[in-house]
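Visitor: Dumping the structure here so I can ask a few things about it.
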Amino acid sequence: MSLAIRHNKRYHNLTIFLIVLFLLLLIAANLAFGTLTIPIKEVIKTVFGQEIDNEVWKNVIRRTRWPQTMVALGAGMALGISGLLMQTLFRNPLAGPSVLGISSGASLGVAFVILVAGRLFHVSFSYLDIWGEIAIIASALIGSMSVLMLILVFSRKVTGTLGVLILGVMVGYLANSIVGIFKYYSLEEDVHAYVVWGLGSFNRLSVEKAKLFALFTVVPSFLSVFLAKPLNLLALGDSYAKNLGLNIKLARHLIISAAGILTALVSAFCGPIVFIGLAVPHLAKLTMKTSNHFTLLLCTGLIGASTALLCNLVARMPGSEMSLPINSVTAFVGAPVVISVIWKKRKGQLTGG
């Protein structure tokens with residue numbers, strides 16, 4: 001038994017080491033490749049504060065690619081962990097960060113600022129530079145956090161998770177219907193600006209804002225390991241967890257809060273990024289081959305960051321002047337994973353597994 005435990009521990013440590021190595025390679029690739037290819041040696045010098053002769057390379061790395069890389073890393077980590085929290089809480093492999101309607105709340109807040117303000121005050125916030133950016137981020141945060149507060153209040157009144165799940169789905173539908181009404185009565189350029197925001201992006205933040213975003217996503221993501229024990233118990237079922245002394249309502253409240261805050265931050269600053277939070281937890285489970293959430297949370301955060309960086313690199317299309325919306329790339333990565341999960345589940349039902 002002890003040999004098996006040591007073997008698993010060795011396997012997990014080696015796997016995490018390889019994932020961290022892959023993550024570092026992706027960070028370097030994100031800084032080096034794009035419309036302009038910069039030698040890795042010059043990238044390393046710039047990252048460690050050494051001066052390089054080419055001012056263009058230095059500006060591209062420090063002002064454009066470095067903040068974009070930090071945002072992608074933080075967003076991927078936050079969405080991956082948020083997805084794992086939701087899938088464990090609802091015991092549903094197809095649950096994701098948006099299942100509570102928090103992303104829809106952010107979309108509704110942004111729609112109110114971009115679409116309604118443009119129609120009422122004849123001013124487009126998308127053309128107001130810094131003030132328009134602040135208004136959009138603030139409205140997304142207000143919308144998403146309002147939905148989160150509603151979900152938390154409701155979760156205190158019900159005993160099961162099904163009611164919380166249904167409320168989140170209904171909030172999402174309601175928000176989308178209101179956004180549809182806003183679009184119908186809005187100016188064409190405002191609708192276009194809203195659609196562009198909804199495609200998601202990692203390159204909207206300056207260096208200073210990117211650092212803050214990375215801090216507010218990476219640190220809480222790592223702190224989520226303190227939820228590993230209640231997650232392990234909840235995965236066994238509410239009755240079993242309660243018999244072992246777990247406060248079900250408190251645990252559910254903490255998990256929803258953690259997932260909701262991480263989702264709200266990413267939605268506010270990057271837009272509604274799809275599929276990463278849905279697919280990454282399954283990749284982590286497949287890679288680590290364990291149900292221990294302490295290991296899964298750590299691995300999910302690292303794989304989430306790696307996935308977002310990979311998608312960001314593909315979206316920039318190195319060697320080309322084109323740049324794809326980030327959601328068009330994440331769908332290509334996440335959809336096959338989701339399809340495989342559905343296929344395996346269906347196959348298991350047919351074979352009686």
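Quick note on naming: the chains in the structure tokens go A, B, ... in the order shown, residues restart at 1 in each chain, and ligands are numbered from 1 in order of appearance.
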Could you find all residues in stretch 100-309 of chain A that DSSP calls alpha helix (DSSP H) from the backbone, and write them as a ChimeraX atom specification?

Guide: /A:102-111,117-121,129-157,162-184,188-198,207-223,228-235,238-243,248-270,276-288,293-309

Visitor: Can I get the selection written as a compact mmCIF listing (two decimals), in the first residue's frame, with C-alpha atoms?

Guide:
```
# COMPACT_ATOMS: atom_id res chain seq x y z
CA ILE A 102 -22.53 35.54 -13.25
CA SER A 103 -21.08 36.01 -16.74
CA SER A 104 -24.57 36.92 -17.95
CA GLY A 105 -24.79 39.51 -15.18
CA ALA A 106 -21.52 41.05 -16.39
CA SER A 107 -22.85 41.06 -19.96
CA LEU A 108 -26.04 42.77 -18.83
CA GLY A 109 -24.07 45.46 -16.99
CA VAL A 110 -21.90 46.15 -20.03
CA ALA A 111 -24.96 46.14 -22.31
CA ALA A 117 -26.26 54.98 -22.61
CA GLY A 118 -25.55 55.32 -26.32
CA ARG A 119 -29.25 55.51 -27.10
CA LEU A 120 -30.27 57.81 -24.25
CA PHE A 121 -27.31 60.21 -24.12
CA ASP A 129 -10.84 55.85 -24.20
CA ILE A 130 -9.89 55.50 -20.53
CA TRP A 131 -13.24 56.68 -19.12
CA GLY A 132 -15.15 54.36 -21.40
CA GLU A 133 -12.91 51.48 -20.36
CA ILE A 134 -13.44 52.26 -16.67
CA ALA A 135 -17.22 52.47 -17.19
CA ILE A 136 -17.32 49.12 -18.98
CA ILE A 137 -15.21 47.35 -16.33
CA ALA A 138 -17.21 48.91 -13.47
CA SER A 139 -20.55 48.00 -15.07
CA ALA A 140 -19.40 44.40 -15.64
CA LEU A 141 -18.27 44.09 -12.01
CA ILE A 142 -21.52 45.57 -10.71
CA GLY A 143 -23.61 43.27 -12.90
CA SER A 144 -21.70 40.12 -12.05
CA MET A 145 -21.43 40.84 -8.32
CA SER A 146 -25.15 41.66 -8.13
CA VAL A 147 -25.97 38.24 -9.55
CA LEU A 148 -23.48 36.63 -7.15
CA MET A 149 -25.15 38.32 -4.16
CA LEU A 150 -28.55 37.11 -5.38
CA ILE A 151 -27.24 33.55 -5.70
CA LEU A 152 -25.65 33.65 -2.24
CA VAL A 153 -28.84 34.93 -0.60
CA PHE A 154 -30.87 32.26 -2.37
CA SER A 155 -28.40 29.51 -1.44
CA ARG A 156 -29.00 30.24 2.26
CA LYS A 157 -32.73 29.62 1.84
CA LEU A 162 -30.44 21.92 -7.66
CA GLY A 163 -32.41 25.05 -6.77
CA VAL A 164 -29.24 27.17 -6.94
CA LEU A 165 -28.39 25.69 -10.33
CA ILE A 166 -31.87 26.38 -11.71
CA LEU A 167 -31.78 29.97 -10.42
CA GLY A 168 -28.41 30.56 -12.10
CA VAL A 169 -29.66 29.21 -15.42
CA MET A 170 -32.84 31.32 -15.23
CA VAL A 171 -30.84 34.46 -14.38
CA GLY A 172 -28.72 33.78 -17.46
CA TYR A 173 -31.77 33.44 -19.70
CA LEU A 174 -33.35 36.57 -18.25
CA ALA A 175 -30.17 38.62 -18.68
CA ASN A 176 -29.76 37.45 -22.28
CA SER A 177 -33.35 38.36 -23.10
CA ILE A 178 -32.90 41.87 -21.68
CA VAL A 179 -29.67 42.27 -23.65
CA GLY A 180 -31.57 41.23 -26.79
CA ILE A 181 -34.11 44.00 -26.18
CA PHE A 182 -31.29 46.52 -25.66
CA LYS A 183 -29.69 45.46 -28.95
CA TYR A 184 -32.94 45.86 -30.86
CA GLU A 188 -25.57 50.10 -34.88
CA GLU A 189 -22.09 51.18 -33.76
CA ASP A 190 -22.97 50.49 -30.13
CA VAL A 191 -24.20 46.98 -30.97
CA HIS A 192 -20.93 46.38 -32.82
CA ALA A 193 -18.91 47.58 -29.80
CA TYR A 194 -20.90 45.26 -27.51
CA VAL A 195 -20.41 42.28 -29.81
CA VAL A 196 -16.65 42.93 -29.92
CA TRP A 197 -16.54 43.02 -26.11
CA GLY A 198 -18.46 39.75 -25.98
CA VAL A 207 0.78 47.04 -17.59
CA GLU A 208 -0.33 48.37 -14.20
CA LYS A 209 -3.89 47.05 -14.53
CA ALA A 210 -2.61 43.70 -15.81
CA LYS A 211 -0.43 43.32 -12.71
CA LEU A 212 -3.41 44.03 -10.45
CA PHE A 213 -5.61 41.64 -12.40
CA ALA A 214 -2.99 38.89 -12.18
CA LEU A 215 -2.65 39.49 -8.43
CA PHE A 216 -6.42 39.39 -7.82
CA THR A 217 -6.85 36.17 -9.82
CA VAL A 218 -3.71 34.13 -9.18
CA VAL A 219 -3.61 34.62 -5.39
CA PRO A 220 -7.28 33.62 -4.79
CA SER A 221 -6.82 30.73 -7.21
CA PHE A 222 -4.00 29.30 -5.08
CA LEU A 223 -5.93 30.03 -1.88
CA ALA A 228 -9.94 20.90 -0.98
CA LYS A 229 -11.21 19.08 2.13
CA PRO A 230 -14.88 20.18 1.84
CA LEU A 231 -14.74 19.47 -1.90
CA ASN A 232 -13.47 15.95 -1.25
CA LEU A 233 -16.31 15.38 1.19
CA LEU A 234 -18.99 16.88 -1.07
CA ALA A 235 -17.82 14.65 -3.92
CA ASP A 238 -24.16 15.44 0.99
CA SER A 239 -25.29 12.77 3.45
CA TYR A 240 -21.82 11.26 3.82
CA ALA A 241 -20.23 14.72 4.13
CA LYS A 242 -22.76 15.73 6.81
CA ASN A 243 -22.10 12.56 8.80
CA ILE A 248 -22.99 21.76 4.03
CA LYS A 249 -24.49 25.26 3.80
CA LEU A 250 -21.27 26.99 4.84
CA ALA A 251 -19.18 24.90 2.45
CA ARG A 252 -21.58 25.59 -0.41
CA HIS A 253 -21.56 29.29 0.43
CA LEU A 254 -17.74 29.44 0.38
CA ILE A 255 -17.46 27.48 -2.87
CA ILE A 256 -20.03 29.61 -4.67
CA SER A 257 -18.35 32.79 -3.38
CA ALA A 258 -14.91 31.68 -4.57
CA ALA A 259 -16.10 30.57 -7.99
CA GLY A 260 -18.33 33.60 -8.39
CA ILE A 261 -15.65 36.17 -7.53
CA LEU A 262 -13.11 34.57 -9.88
CA THR A 263 -15.66 34.43 -12.71
CA ALA A 264 -16.77 38.01 -12.07
CA LEU A 265 -13.20 39.34 -12.25
CA VAL A 266 -12.44 37.57 -15.52
CA SER A 267 -15.77 38.59 -17.09
CA ALA A 268 -15.31 42.22 -16.09
CA PHE A 269 -11.77 42.63 -17.41
CA CYS A 270 -11.66 40.15 -20.31
CA ILE A 276 -11.77 27.11 -20.59
CA GLY A 277 -13.58 26.67 -17.29
CA LEU A 278 -15.63 23.82 -18.72
CA ALA A 279 -12.84 21.81 -20.34
CA VAL A 280 -9.78 22.37 -18.12
CA PRO A 281 -11.06 20.45 -15.03
CA HIS A 282 -11.53 17.36 -17.20
CA LEU A 283 -8.01 17.72 -18.58
CA ALA A 284 -6.69 17.94 -15.01
CA LYS A 285 -8.59 14.82 -13.92
CA LEU A 286 -7.37 12.93 -16.98
CA THR A 287 -3.78 14.04 -16.37
CA MET A 288 -3.53 13.49 -12.62
CA HIS A 293 -9.06 18.00 -4.83
CA PHE A 294 -5.87 19.32 -3.26
CA THR A 295 -3.94 17.90 -6.21
CA LEU A 296 -6.73 18.65 -8.70
CA LEU A 297 -7.01 22.33 -7.72
CA LEU A 298 -3.28 22.88 -8.14
CA CYS A 299 -3.16 21.03 -11.44
CA THR A 300 -6.33 22.70 -12.75
CA GLY A 301 -4.91 26.16 -12.08
CA LEU A 302 -1.68 25.36 -13.93
CA ILE A 303 -3.43 23.69 -16.87
CA GLY A 304 -5.95 26.55 -17.03
CA ALA A 305 -3.14 29.10 -17.25
CA SER A 306 -1.36 27.00 -19.90
CA THR A 307 -4.54 26.59 -21.94
CA ALA A 308 -5.27 30.32 -21.93
CA LEU A 309 -1.68 31.13 -22.93
```

Visitor: Hey, can you check how far atom CA of A:Thr64 sits from atom CA of A:Ser206?

Guide: 7.9 Å

Visitor: Using only C-alpha atoms, which of A:Val274, A:Tyr185, A:Pro336, A:Leu18 sits nearest A:Phe112?

Guide: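 Among the listed residues, the smallest separation from A:Phe112 belongs to A:Tyr185.
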
Visitor: Using only C-alpha atoms, which residue out of A:Ala315, A:Ala331, A:Leu199, A:Leu100 lies closest to A:Phe33?

Guide: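 Closest to A:Phe33 of all the choices is A:Ala315.
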
Visitor: Neighbours of A:Ile61 within 10 Å (only C-alpha atoms; same-chain residues fewer than 5 positions away dropped), as a list in words?

Guide: Asn30, Leu31, Ala32, Ile38, Glu42, Val43, Thr46, Val47, Glu55, Val56, Trp66, Pro67, Gln68 and Thr69 of chain A

Visitor: Filtering to C-alpha atoms, could you give me those residues as an mmCIF file, in the first residue's frame?

Guide:
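Resulting contents of out-v4.cif:
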```cif
data_model
loop_
_atom_site.group_PDB
_atom_site.id
_atom_site.type_symbol
_atom_site.label_atom_id
_atom_site.label_comp_id
_atom_site.auth_asym_id
_atom_site.auth_seq_id
_atom_site.Cartn_x
_atom_site.Cartn_y
_atom_site.Cartn_z
ATOM 1 C CA ASN A 30 3.794 34.497 -25.803
ATOM 2 C CA LEU A 31 6.491 37.106 -25.259
ATOM 3 C CA ALA A 32 8.552 36.110 -28.301
ATOM 4 C CA ILE A 38 11.694 38.529 -31.045
ATOM 5 C CA GLU A 42 16.310 39.258 -25.892
ATOM 6 C CA VAL A 43 13.002 38.320 -24.276
ATOM 7 C CA THR A 46 13.920 42.229 -20.984
ATOM 8 C CA VAL A 47 11.933 40.152 -18.471
ATOM 9 C CA GLU A 55 13.815 49.821 -28.475
ATOM 10 C CA VAL A 56 10.966 48.451 -30.591
ATOM 11 C CA TRP A 66 3.855 41.165 -21.057
ATOM 12 C CA PRO A 67 0.489 42.547 -19.820
ATOM 13 C CA GLN A 68 -1.358 40.313 -22.295
ATOM 14 C CA THR A 69 0.537 37.280 -20.997
#
```

Visitor: Figure out the distance between atom CA of A:Leu21 and atom CA of A:Arg65, please, to one decimal in Å.

Guide: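 Separation between atom CA of A:Arg65 and atom CA of A:Leu21: 19.7 Å.
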
Visitor: Pick out the closest residue to A:Thr15 from this set: A:Lys289, A:Lys344, A:Phe332, A:Leu236. Count only C-alpha atoms.

Guide: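 Among the listed residues, A:Lys289 lies closest to A:Thr15.
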